[in-house]
$ cat protein-v1.txt   # compact mmCIF, C-alpha atoms
# COMPACT_ATOMS: atom_id res chain seq x y z
CA MET A 147 2.84 59.15 -117.32
CA LEU A 148 6.24 59.74 -118.82
CA THR A 149 7.12 57.01 -121.34
CA ALA A 150 9.92 58.44 -123.46
CA ALA A 151 12.34 61.31 -123.65
CA GLY A 152 10.56 64.44 -124.71
CA THR A 153 7.13 63.31 -123.54
CA THR A 154 5.36 66.10 -121.69
CA ALA A 155 5.10 65.32 -118.01
CA LEU A 156 3.07 66.88 -115.25
CA VAL A 157 4.97 69.92 -114.03
CA ALA A 158 5.97 69.48 -110.41
CA GLY A 159 4.70 72.90 -109.45
CA HIS A 160 1.18 71.93 -110.50
CA ALA A 161 1.14 68.37 -109.25
CA SER A 162 -1.30 67.11 -106.67
CA GLY A 163 -0.19 68.16 -103.21
CA ALA A 164 2.30 70.69 -104.46
CA THR A 165 3.13 73.78 -102.50
CA THR A 166 4.78 77.04 -103.43
CA ALA A 167 8.44 76.39 -104.18
CA LEU A 168 11.09 77.66 -101.82
CA ASP A 169 14.13 79.54 -103.01
CA ASN A 170 16.61 77.03 -104.47
CA ARG A 171 19.08 77.90 -101.72
CA TRP A 172 16.81 76.06 -99.28
CA TYR A 173 16.77 72.89 -101.38
CA ALA A 174 20.56 73.21 -101.60
CA ALA A 175 20.74 73.35 -97.80
CA ALA A 176 18.27 70.54 -97.05
CA PRO A 177 19.80 67.93 -94.68
CA TYR A 178 18.92 64.27 -95.16
CA LEU A 179 16.10 62.79 -93.09
CA MET A 180 14.94 59.19 -93.10
CA PRO A 181 11.18 59.55 -92.51
CA LEU A 182 10.47 55.85 -91.89
CA ASP A 183 13.66 54.50 -90.26
CA ASN A 184 16.36 55.35 -87.70
CA ASP A 185 13.98 56.77 -85.09
CA PRO A 186 12.73 59.67 -87.24
CA PRO A 187 12.73 63.00 -85.38
CA ASP A 188 9.77 65.38 -85.53
CA PRO A 189 10.49 67.78 -88.41
CA ALA A 190 8.18 70.40 -86.91
CA ALA A 191 10.30 70.47 -83.74
CA ILE A 192 13.47 70.86 -85.82
CA MET A 193 11.90 73.72 -87.77
CA ASP A 194 10.87 75.50 -84.57
CA ALA A 195 14.29 75.05 -82.95
CA THR A 196 16.48 75.96 -85.92
CA GLY A 197 14.51 77.86 -88.57
CA LEU A 198 15.15 75.06 -91.08
CA LYS A 199 12.67 75.01 -93.97
CA ALA A 200 13.78 72.16 -96.27
CA PHE A 201 14.38 68.45 -95.77
CA GLN A 202 16.02 65.85 -98.02
CA LEU A 203 13.91 62.71 -97.56
CA ALA A 204 15.72 59.40 -98.16
CA PHE A 205 15.66 56.98 -100.00
CA VAL A 206 13.53 55.90 -102.97
CA LEU A 207 14.62 52.50 -104.35
CA ALA A 208 13.43 49.72 -106.60
CA PRO A 209 11.28 47.03 -104.93
CA ASN A 210 13.34 44.42 -103.07
CA GLY A 211 11.69 41.73 -105.17
CA GLY A 212 12.58 43.47 -108.41
CA GLY A 213 10.65 45.70 -110.78
CA CYS A 214 10.60 49.26 -112.07
CA SER A 215 8.32 51.02 -109.58
CA PRO A 216 9.39 53.41 -106.81
CA THR A 217 9.37 52.36 -103.17
CA TRP A 218 10.61 53.75 -99.88
CA GLY A 219 13.58 51.66 -98.84
CA GLY A 220 12.65 48.84 -101.19
CA THR A 221 9.58 47.86 -99.19
CA ALA A 222 6.90 50.60 -99.09
CA PRO A 223 5.38 51.44 -102.51
CA VAL A 224 5.23 55.16 -103.22
CA SER A 225 1.88 54.67 -104.97
CA SER A 226 0.11 53.68 -101.74
CA ASP A 227 2.18 55.71 -99.30
CA THR A 228 0.48 57.77 -96.61
CA ALA A 229 3.20 57.82 -93.93
CA VAL A 230 5.76 59.91 -95.82
CA GLN A 231 2.97 62.06 -97.24
CA SER A 232 1.98 62.88 -93.66
CA VAL A 233 5.55 63.97 -92.87
CA ILE A 234 5.58 66.16 -95.98
CA ASN A 235 2.22 67.67 -95.05
CA THR A 236 3.57 68.56 -91.59
CA ILE A 237 6.60 70.30 -93.09
CA ARG A 238 4.57 72.19 -95.70
CA ALA A 239 1.97 73.28 -93.15
CA LYS A 240 4.80 75.18 -91.40
CA GLY A 241 5.96 76.87 -94.61
CA GLY A 242 8.67 74.37 -95.51
CA ASP A 243 9.18 71.87 -98.31
CA VAL A 244 11.07 68.70 -99.21
CA SER A 245 13.38 67.25 -101.80
CA ILE A 246 13.46 63.48 -102.21
CA SER A 247 16.68 61.52 -102.65
CA VAL A 248 16.78 58.44 -104.87
CA GLY A 249 19.48 55.82 -104.51
CA GLY A 250 21.87 55.97 -101.58
CA TYR A 251 24.26 53.33 -100.27
CA GLY A 252 22.99 49.75 -100.53
CA GLY A 253 19.68 48.44 -101.80
CA THR A 254 18.63 48.03 -105.41
CA LYS A 255 18.29 51.23 -107.44
CA LEU A 256 15.74 51.89 -110.16
CA GLY A 257 18.55 52.54 -112.63
CA GLN A 258 19.56 48.91 -112.13
CA THR A 259 16.10 47.39 -112.66
CA CYS A 260 14.41 49.66 -115.20
CA SER A 261 15.03 48.85 -118.87
CA ASP A 262 16.32 52.24 -119.98
CA ALA A 263 16.51 55.93 -119.09
CA ALA A 264 12.93 56.62 -120.15
CA ALA A 265 11.54 53.84 -117.97
CA THR A 266 13.70 55.00 -115.06
CA ALA A 267 12.43 58.56 -115.52
CA ALA A 268 8.83 57.32 -115.63
CA ALA A 269 9.31 55.66 -112.24
CA TYR A 270 10.79 58.82 -110.74
CA GLN A 271 8.07 60.95 -112.31
CA GLN A 272 5.57 59.02 -110.20
CA VAL A 273 7.43 60.30 -107.11
CA ILE A 274 7.51 63.89 -108.39
CA THR A 275 3.83 63.82 -109.24
CA LYS A 276 2.71 62.03 -106.06
CA TYR A 277 4.40 64.54 -103.76
CA GLY A 278 4.36 67.66 -105.95
CA LEU A 279 8.13 67.97 -105.80
CA HIS A 280 10.20 71.01 -106.67
CA ALA A 281 13.52 69.24 -106.02
CA ILE A 282 15.09 65.79 -106.38
CA ASP A 283 18.50 64.34 -105.47
CA PHE A 284 20.25 61.51 -107.31
CA ASP A 285 22.53 59.80 -104.77
CA LEU A 286 24.78 57.73 -107.06
CA GLU A 287 27.27 55.64 -105.12
CA GLU A 288 28.22 52.07 -104.19
CA PRO A 289 27.40 49.65 -105.64
CA GLU A 290 25.30 51.24 -108.40
CA TYR A 291 27.90 53.63 -109.74
CA GLU A 292 30.10 50.69 -110.70
CA ASN A 293 27.34 49.60 -113.12
CA THR A 294 27.78 51.51 -116.39
CA ALA A 295 24.28 50.74 -117.70
CA ALA A 296 22.64 51.75 -114.39
CA ILE A 297 24.46 55.07 -114.30
CA ARG A 298 23.50 55.71 -117.93
CA ASN A 299 19.86 55.13 -116.93
CA GLU A 300 20.09 57.40 -113.87
CA ILE A 301 21.79 60.28 -115.67
CA GLY A 302 19.42 59.92 -118.62
CA ALA A 303 16.43 59.91 -116.26
CA ALA A 304 17.70 63.01 -114.47
CA LYS A 305 18.00 64.82 -117.79
CA ILE A 306 14.46 63.81 -118.83
CA LEU A 307 12.99 64.92 -115.51
CA GLN A 308 14.86 68.22 -115.71
CA GLN A 309 13.44 68.84 -119.18
CA ASN A 310 9.87 67.81 -118.39
CA ASN A 311 9.54 69.52 -115.00
CA PRO A 312 10.59 73.16 -115.59
CA GLY A 313 12.26 74.67 -112.54
CA LEU A 314 12.96 71.30 -110.90
CA TYR A 315 16.07 71.56 -108.68
CA VAL A 316 18.32 68.57 -109.40
CA SER A 317 21.36 67.59 -107.35
CA VAL A 318 23.67 64.64 -107.99
CA THR A 319 25.55 63.25 -104.99
CA THR A 320 28.49 60.84 -105.19
CA ALA A 321 31.42 59.54 -103.17
CA GLY A 322 34.30 61.80 -102.17
CA THR A 323 37.99 61.00 -102.01
CA ALA A 324 41.07 63.00 -101.09
CA ASP A 325 41.52 63.66 -104.82
CA GLY A 326 37.92 64.88 -105.11
CA THR A 327 36.16 61.75 -106.32
CA GLY A 328 37.28 58.34 -107.45
CA TRP A 329 37.36 56.59 -110.82
CA PHE A 330 33.67 55.68 -110.81
CA GLY A 331 32.69 59.21 -109.80
CA LYS A 332 34.73 60.57 -112.70
CA GLN A 333 33.05 58.10 -115.06
CA MET A 334 29.67 59.35 -113.85
CA LEU A 335 30.70 62.92 -114.67
CA LEU A 336 31.82 61.83 -118.14
CA GLU A 337 28.44 60.14 -118.66
CA ALA A 338 26.70 63.40 -117.75
CA LYS A 339 28.93 65.28 -120.18
CA SER A 340 28.24 62.80 -122.98
CA GLN A 341 24.48 63.17 -122.46
CA GLY A 342 24.64 66.96 -122.26
CA PHE A 343 23.23 66.93 -118.74
CA THR A 344 24.06 69.68 -116.23
CA PRO A 345 22.30 69.50 -112.84
CA ASN A 346 22.16 72.34 -110.36
CA ASN A 347 25.17 70.72 -108.71
CA PHE A 348 27.40 67.69 -108.38
CA SER A 349 28.04 67.08 -104.68
CA ILE A 350 30.71 64.90 -103.11
CA MET A 351 30.61 63.17 -99.71
CA PRO A 352 34.07 63.68 -98.18
CA PHE A 353 33.84 61.08 -95.41
CA ASP A 354 34.45 57.33 -95.05
CA GLY A 355 37.63 57.73 -97.05
CA GLY A 356 40.43 58.45 -94.60
CA PHE A 357 39.37 62.04 -93.93
CA ASN A 358 40.41 63.84 -90.77
CA GLY A 359 38.38 66.93 -90.01
CA ALA A 360 37.56 69.98 -92.07
CA ALA A 361 40.98 70.63 -93.62
CA SER A 362 40.91 67.30 -95.44
CA GLN A 363 37.36 67.99 -96.61
CA THR A 364 38.04 71.45 -98.02
CA SER A 365 41.11 70.05 -99.76
CA ALA A 366 38.91 67.41 -101.42
CA LEU A 367 36.42 70.10 -102.47
CA THR A 368 39.24 72.09 -104.06
CA ASN A 369 40.40 69.00 -105.93
CA PHE A 370 36.87 68.17 -107.03
CA ASN A 371 36.53 71.68 -108.39
CA ALA A 372 39.53 71.01 -110.64
CA ILE A 373 37.87 67.80 -111.85
CA LEU A 374 34.69 69.69 -112.74
CA GLN A 375 36.75 72.28 -114.62
CA SER A 376 38.63 69.70 -116.66
CA THR A 377 35.57 67.54 -117.35
CA PHE A 378 33.14 70.24 -118.46
CA GLY A 379 35.49 73.00 -119.59
CA TRP A 380 34.24 75.36 -116.88
CA ASP A 381 36.28 78.10 -115.27
CA GLN A 382 36.84 77.90 -111.52
CA ALA A 383 33.88 80.11 -110.57
CA THR A 384 31.46 78.21 -112.81
CA ALA A 385 32.68 74.91 -111.36
CA TYR A 386 32.12 76.14 -107.79
CA ALA A 387 28.63 77.34 -108.79
CA HIS A 388 27.89 73.70 -109.74
CA GLU A 389 29.63 72.08 -106.76
CA GLY A 390 28.20 70.81 -103.50
CA PHE A 391 29.25 69.36 -100.15
CA SER A 392 27.44 66.51 -98.39
CA GLY A 393 29.01 65.76 -95.00
CA MET A 394 28.41 63.39 -92.13
CA ASN A 395 27.87 64.89 -88.70
CA GLY A 396 29.73 63.37 -85.77
CA ARG A 397 31.32 59.93 -86.09
CA SER A 398 31.39 58.49 -89.61
CA ASP A 399 31.01 54.83 -90.51
CA SER A 400 34.79 54.46 -90.62
CA GLY A 401 35.38 56.24 -87.30
CA GLU A 402 36.28 59.72 -88.60
CA MET A 403 35.06 62.55 -86.36
CA PHE A 404 33.42 65.73 -87.65
CA THR A 405 32.47 68.28 -85.00
CA GLN A 406 30.51 71.50 -85.10
CA ALA A 407 33.80 73.36 -85.60
CA ASP A 408 34.52 71.25 -88.69
CA PHE A 409 31.09 72.06 -90.11
CA GLN A 410 31.71 75.77 -89.53
CA THR A 411 35.02 75.61 -91.39
CA VAL A 412 33.48 73.83 -94.39
CA LEU A 413 30.51 76.22 -94.33
CA ASP A 414 32.92 79.17 -94.48
CA TYR A 415 34.69 77.55 -97.42
CA ALA A 416 31.42 76.83 -99.25
CA THR A 417 30.10 80.35 -98.86
CA ALA A 418 33.44 82.01 -99.68
CA HIS A 419 33.62 80.06 -102.95
CA ASN A 420 29.92 80.51 -103.82
CA MET A 421 29.28 76.78 -103.83
CA ASP A 422 25.77 75.62 -104.69
CA ARG A 423 25.05 73.08 -101.95
CA PHE A 424 25.78 72.32 -98.29
CA THR A 425 24.03 69.34 -96.73
CA PHE A 426 24.74 66.41 -94.41
CA TRP A 427 23.77 62.90 -93.35
CA SER A 428 21.64 63.09 -91.28
CA LEU A 429 19.02 64.77 -89.15
CA ASN A 430 18.24 61.39 -87.57
CA ARG A 431 21.80 61.61 -86.17
CA ASP A 432 21.68 65.30 -85.18
CA ARG A 433 21.32 64.67 -81.44
CA GLN A 434 23.58 63.53 -78.63
CA CYS A 435 23.84 59.84 -77.85
CA SER A 436 22.50 58.77 -74.48
CA PRO A 437 24.53 57.82 -72.63
CA VAL A 438 27.30 59.91 -74.18
CA ASP A 439 29.77 57.46 -75.72
CA ASN A 440 32.66 59.83 -76.56
CA GLY A 441 32.77 58.76 -80.18
CA GLY A 442 33.03 55.05 -79.49
CA ARG A 443 30.42 53.92 -82.01
CA THR A 444 28.63 55.05 -85.15
CA SER A 445 24.87 55.28 -84.80
CA GLY A 446 22.04 55.98 -87.19
CA THR A 447 20.14 57.85 -84.49
CA CYS A 448 22.79 60.04 -82.78
CA SER A 449 26.11 61.70 -83.60
CA SER A 450 28.53 60.35 -80.96
CA VAL A 451 29.82 63.87 -80.29
CA ALA A 452 28.83 66.27 -77.52
CA GLN A 453 26.05 68.47 -78.86
CA ASN A 454 22.68 70.05 -78.37
CA SER A 455 19.89 68.62 -80.48
CA TRP A 456 19.91 69.99 -84.04
CA ASP A 457 23.28 71.77 -83.71
CA PHE A 458 24.31 70.62 -87.18
CA ALA A 459 21.02 71.63 -88.82
CA LYS A 460 21.81 75.22 -87.95
CA TYR A 461 24.76 75.21 -90.36
CA SER A 462 22.36 74.34 -93.17
CA VAL A 463 20.12 77.20 -92.07
CA ARG A 464 23.06 79.59 -92.25
CA PHE A 465 24.02 78.32 -95.71
CA ALA A 466 20.47 79.08 -96.85
CA GLY A 467 21.01 82.65 -95.72
CA ALA A 468 18.85 82.58 -92.61
CA THR A 469 19.69 83.13 -88.95
CA PRO A 470 18.81 80.32 -86.54
CA PRO A 471 16.72 81.31 -83.53
CA SER A 472 18.65 82.32 -80.45
CA THR A 473 19.13 79.59 -77.86
CA THR A 474 19.61 82.12 -75.05
CA PRO A 475 17.36 81.06 -72.15
CA THR A 476 14.32 83.23 -71.55
CA PRO A 477 15.03 85.44 -68.52
CA PRO A 478 12.80 84.93 -65.47
CA PRO A 479 10.00 87.44 -64.91
CA PRO A 480 10.86 90.44 -62.73
CA PRO A 481 10.06 90.12 -59.03
CA THR A 482 6.57 91.13 -57.92
CA GLY A 483 5.66 93.30 -54.97
CA CYS A 484 5.96 91.79 -51.50
CA LYS A 485 2.89 90.76 -49.52
CA SER A 486 2.46 91.59 -45.82
CA ALA A 487 5.29 90.18 -43.74
CA TRP A 488 4.78 86.77 -42.12
CA SER A 489 4.04 86.84 -38.37
CA SER A 490 4.71 83.94 -36.00
CA SER A 491 1.62 84.79 -33.95
CA ALA A 492 -0.86 85.18 -36.82
CA VAL A 493 -3.22 82.44 -37.93
CA TYR A 494 -3.24 81.75 -41.72
CA THR A 495 -5.73 79.68 -43.70
CA ALA A 496 -5.59 78.21 -47.23
CA GLY A 497 -4.92 80.92 -49.82
CA ASP A 498 -3.50 83.53 -47.44
CA GLU A 499 -0.33 85.19 -48.80
CA VAL A 500 2.67 86.57 -46.90
CA SER A 501 6.24 87.63 -47.59
CA TYR A 502 9.30 86.14 -45.91
CA ASN A 503 13.00 86.29 -46.74
CA ARG A 504 12.20 88.37 -49.88
CA HIS A 505 9.85 85.75 -51.31
CA ASN A 506 6.07 85.64 -51.43
CA TRP A 507 4.40 82.55 -50.01
CA LYS A 508 0.85 81.12 -50.14
CA ALA A 509 -0.64 78.97 -47.38
CA LYS A 510 -1.97 75.57 -48.46
CA TRP A 511 -4.02 75.02 -45.30
CA TRP A 512 -4.47 76.35 -41.72
CA THR A 513 -1.18 77.21 -40.04
CA GLN A 514 0.34 79.17 -37.18
CA ASN A 515 4.00 79.72 -36.29
CA GLU A 516 5.34 77.62 -39.23
CA VAL A 517 8.19 79.47 -40.92
CA PRO A 518 7.68 79.73 -44.72
CA THR A 519 10.08 77.37 -46.45
CA ALA A 520 10.13 75.50 -49.78
CA SER A 521 8.97 71.92 -49.27
CA ASP A 522 6.67 69.64 -51.24
CA TRP A 523 5.02 68.49 -48.03
CA GLY A 524 5.11 71.79 -46.16
CA VAL A 525 2.27 74.23 -45.62
CA TRP A 526 3.81 77.05 -47.66
CA GLN A 527 3.99 77.34 -51.47
CA ASP A 528 6.80 79.53 -52.78
CA GLU A 529 5.45 82.14 -55.24
CA GLY A 530 8.86 83.53 -56.18
CA PRO A 531 11.05 86.49 -55.24
CA CYS A 532 9.61 89.90 -54.42

$ encode --input "protein-v1.txt" --output "structure tokens"
Amino acid sequence: MLTAAGTTALVAGHASGATTALDNRWYAAAPYLMPLDNDPPDPAAIMDATGLKAFQLAFVLAPNGGGCSPTWGGTAPVSSDTAVQSVINTIRAKGGDVSISVGGYGGTKLGQTCSDAAATAAAYQQVITKYGLHAIDFDLEEPEYENTAAIRNEIGAAKILQQNNPGLYVSVTTAGTADGTGWFGKQMLLEAKSQGFTPNNFSIMPFDGGFNGAASQTSALTNFNAILQSTFGWDQATAYAHEGFSGMNGRSDSGEMFTQADFQTVLDYATAHNMDRFTFWSLNRDRQCSPVDNGGRTSGTCSSVAQNSWDFAKYSVRFAGATPPSTTPTPPPPPTGCKSAWSSSAVYTAGDEVSYNRHNWKAKWWTQNEVPTASDWGVWQDEGPC
């Protein structure tokens, strides 16, 4: 177990339950999925429908009663977990993989309860080792990112994990504002700079802050790029290579609306600027509400916009460089040859076949002079056009 900075930890790629790592672009494209809450969808069905390979499972927190050990949502200890492990096994059996997100909005974070960065890293190392992770996301936002000591622990832990798990993909996600990110987000970046920590990306969440569609989001991403440049001394291209987008599909908590067209616009921006990450909250919401509510409420289990299931996941697939499967309906089979024409004077028994009105028909029982027609209670079964 990891106990201090520099201690050798179990490499994620060789941990129990590990699988072959995906290309980092897939971890960068992994949408968030709550595996235990908000009516979790079947990840295998999403993979089949969209071609998605990576999922960002959320969230690992400190225990609700306090302590420095990882739990799912504050209640389910990672050490004894089997439910999330089963979800991960399903994804990996189909050639996919997961990243796990720690933190999120609300709840108590390990950075708040663990004594220092090393202890925080030791708790997260349990998660990496348990699930054989190749990627981890630090979601640093309200209220934790207002706590200087907690953010110091989280950033320090991220640096330790990055050092002790070679190849580990690390993303850091924080709040977005029209100016890029707010004062606490900028303080978090300064903490990373002071510790000499550079993750694969810093991602902002440009929603719940007075945003209005894609134009306001791409403007925030441009402004955040300038913040990254000024904080770390990067040029524009280097800053974009360490920048990410984390959106919210459909109706946000504050009533903003983000449609498929908005996602396409931001995706075009992200790819044109060679950004490192494109993700969203969440797959649990990537389906149409029933009944359709025309954006009248925000739900954890549907988007409140008109959509087909998993529409938004396909933008992540495209960011990863893959092409989602076609949704064009499978054409019907070509007509078969026609049977002997039906005769009003002939006697037919069960199984006899005839043709009538350019369809083939099969008799269900004895009949004479009953015109073939489609009916659940009729004698004739329609076998299709001929």

$ atom_distance --input "protein-v1.txt" --atom1 "atom CA of A:Ala360" --atom2 "atom CA of A:Asp185"
27.9 Å

$ residues_around --input "protein-v1.txt" --residues "A:Gly467" --least-positions-apart "4" --cutoff "12 Å" --atoms "only C-alpha atoms" --output "list in words"
Asp169, Asn170, Arg171, Trp172, Ala174, Ala175, Gly197, Leu198, Lys199, Leu413, Thr417, Phe424, Lys460, Tyr461, Ser462 and Val463 of chain A

$ closest_atom_pairs --input "protein-v1.txt" --of "stretch 313-404 of chain A" --to "stretch 226-248 of chain A" --cutoff "10 Å" --atoms "only C-alpha atoms" --output "JSON lines"
{"residue": "A:Leu314", "atom": "CA", "partner": "A:Ser245", "partner_atom": "CA", "distance": 10.0}
{"residue": "A:Tyr315", "atom": "CA", "partner": "A:Ser245", "partner_atom": "CA", "distance": 8.6}
{"residue": "A:Val316", "atom": "CA", "partner": "A:Ser245", "partner_atom": "CA", "distance": 9.2}
{"residue": "A:Ser317", "atom": "CA", "partner": "A:Ser247", "partner_atom": "CA", "distance": 9.0}
{"residue": "A:Val318", "atom": "CA", "partner": "A:Ser247", "partner_atom": "CA", "distance": 9.3}
{"residue": "A:Thr319", "atom": "CA", "partner": "A:Ser247", "partner_atom": "CA", "distance": 9.3}

$ closest_residue --input "protein-v1.txt" --among "A:Ile350, A:Lys332, A:Leu179, A:Gly355" --to "A:Thr377" --atoms "all atoms listed in the file"
A:Lys332

$ atom_distance --input "protein-v1.txt" --atom1 "atom CA of A:Gln406" --atom2 "atom CA of A:Pro471"
17.0 Å

$ residues_around --input "protein-v1.txt" --residues "A:Ser490" --least-positions-apart "2" --cutoff "12 Å" --atoms "all atoms listed in the file" --output "VMD selection string"
chain A and resid 487 to 488 492 to 494 500 502 513 to 518

$ closest_residue --input "protein-v1.txt" --among "A:Ser486, A:Asn358, A:Ser491, A:Thr259" --to "A:Lys508" --atoms "all atoms listed in the file"
A:Ser486

$ closest_residue --input "protein-v1.txt" --among "A:Thr469, A:Ser449, A:Ser365, A:Gln309" --to "A:Asp432" --atoms "all atoms listed in the file"
A:Ser449

$ decode --input "protein-v1.txt" --residues "stretch 276-284 of chain A" --atoms "all heavy atoms" --output "mmCIF file, in the first residue's frame"
data_model
loop_
_atom_site.group_PDB
_atom_site.id
_atom_site.type_symbol
_atom_site.label_atom_id
_atom_site.label_comp_id
_atom_site.auth_asym_id
_atom_site.auth_seq_id
_atom_site.Cartn_x
_atom_site.Cartn_y
_atom_site.Cartn_z
ATOM 1 N N LYS A 276 -7.659 -2.183 -6.891
ATOM 2 C CA LYS A 276 -8.860 -3.035 -6.873
ATOM 3 C C LYS A 276 -9.383 -3.290 -8.286
ATOM 4 O O LYS A 276 -9.719 -4.423 -8.645
ATOM 5 C CB LYS A 276 -9.946 -2.361 -6.044
ATOM 6 C CG LYS A 276 -11.354 -2.925 -6.241
ATOM 7 C CD LYS A 276 -11.747 -3.903 -5.202
ATOM 8 C CE LYS A 276 -13.199 -4.348 -5.387
ATOM 9 N NZ LYS A 276 -13.630 -5.235 -4.326
ATOM 10 N N TYR A 277 -9.449 -2.222 -9.086
ATOM 11 C CA TYR A 277 -10.081 -2.330 -10.398
ATOM 12 C C TYR A 277 -9.083 -2.384 -11.553
ATOM 13 O O TYR A 277 -9.500 -2.432 -12.713
ATOM 14 C CB TYR A 277 -11.044 -1.167 -10.607
ATOM 15 C CG TYR A 277 -12.150 -1.112 -9.574
ATOM 16 C CD1 TYR A 277 -12.237 -0.047 -8.684
ATOM 17 C CD2 TYR A 277 -13.097 -2.126 -9.478
ATOM 18 C CE1 TYR A 277 -13.249 0.016 -7.725
ATOM 19 C CE2 TYR A 277 -14.106 -2.079 -8.527
ATOM 20 C CZ TYR A 277 -14.174 -1.011 -7.647
ATOM 21 O OH TYR A 277 -15.173 -0.965 -6.703
ATOM 22 N N GLY A 278 -7.787 -2.368 -11.256
ATOM 23 C CA GLY A 278 -6.793 -2.424 -12.324
ATOM 24 C C GLY A 278 -6.911 -1.266 -13.285
ATOM 25 O O GLY A 278 -6.928 -1.441 -14.505
ATOM 26 N N LEU A 279 -6.969 -0.054 -12.753
ATOM 27 C CA LEU A 279 -7.271 1.117 -13.579
ATOM 28 C C LEU A 279 -6.088 1.578 -14.415
ATOM 29 O O LEU A 279 -4.942 1.510 -13.988
ATOM 30 C CB LEU A 279 -7.717 2.279 -12.693
ATOM 31 C CG LEU A 279 -8.993 2.095 -11.881
ATOM 32 C CD1 LEU A 279 -9.313 3.368 -11.107
ATOM 33 C CD2 LEU A 279 -10.164 1.704 -12.773
ATOM 34 N N HIS A 280 -6.428 2.090 -15.592
ATOM 35 C CA HIS A 280 -5.469 2.780 -16.447
ATOM 36 C C HIS A 280 -5.756 4.275 -16.520
ATOM 37 O O HIS A 280 -5.034 5.010 -17.194
ATOM 38 C CB HIS A 280 -5.507 2.213 -17.866
ATOM 39 C CG HIS A 280 -5.219 0.746 -17.934
ATOM 40 N ND1 HIS A 280 -6.203 -0.192 -18.121
ATOM 41 C CD2 HIS A 280 -4.060 0.053 -17.811
ATOM 42 C CE1 HIS A 280 -5.659 -1.406 -18.128
ATOM 43 N NE2 HIS A 280 -4.369 -1.280 -17.946
ATOM 44 N N ALA A 281 -6.832 4.726 -15.860
ATOM 45 C CA ALA A 281 -7.218 6.134 -15.927
ATOM 46 C C ALA A 281 -7.993 6.515 -14.680
ATOM 47 O O ALA A 281 -8.712 5.696 -14.103
ATOM 48 C CB ALA A 281 -8.066 6.400 -17.170
ATOM 49 N N ILE A 282 -7.842 7.787 -14.265
ATOM 50 C CA ILE A 282 -8.558 8.307 -13.110
ATOM 51 C C ILE A 282 -8.846 9.777 -13.344
ATOM 52 O O ILE A 282 -8.070 10.479 -14.009
ATOM 53 C CB ILE A 282 -7.746 8.088 -11.810
ATOM 54 C CG1 ILE A 282 -8.596 8.389 -10.564
ATOM 55 C CG2 ILE A 282 -6.458 8.925 -11.813
ATOM 56 C CD1 ILE A 282 -7.938 7.929 -9.262
ATOM 57 N N ASP A 283 -9.991 10.242 -12.824
ATOM 58 C CA ASP A 283 -10.412 11.630 -12.989
ATOM 59 C C ASP A 283 -10.600 12.257 -11.614
ATOM 60 O O ASP A 283 -11.261 11.681 -10.750
ATOM 61 C CB ASP A 283 -11.724 11.684 -13.771
ATOM 62 C CG ASP A 283 -12.313 13.081 -13.852
ATOM 63 O OD1 ASP A 283 -11.590 13.992 -14.291
ATOM 64 O OD2 ASP A 283 -13.500 13.253 -13.488
ATOM 65 N N PHE A 284 -9.998 13.434 -11.410
ATOM 66 C CA PHE A 284 -10.184 14.196 -10.186
ATOM 67 C C PHE A 284 -11.195 15.305 -10.472
ATOM 68 O O PHE A 284 -10.875 16.287 -11.148
ATOM 69 C CB PHE A 284 -8.856 14.787 -9.704
ATOM 70 C CG PHE A 284 -7.946 13.789 -9.056
ATOM 71 C CD1 PHE A 284 -7.232 12.877 -9.819
ATOM 72 C CD2 PHE A 284 -7.813 13.740 -7.673
ATOM 73 C CE1 PHE A 284 -6.397 11.942 -9.223
ATOM 74 C CE2 PHE A 284 -6.985 12.807 -7.058
ATOM 75 C CZ PHE A 284 -6.271 11.906 -7.838
#
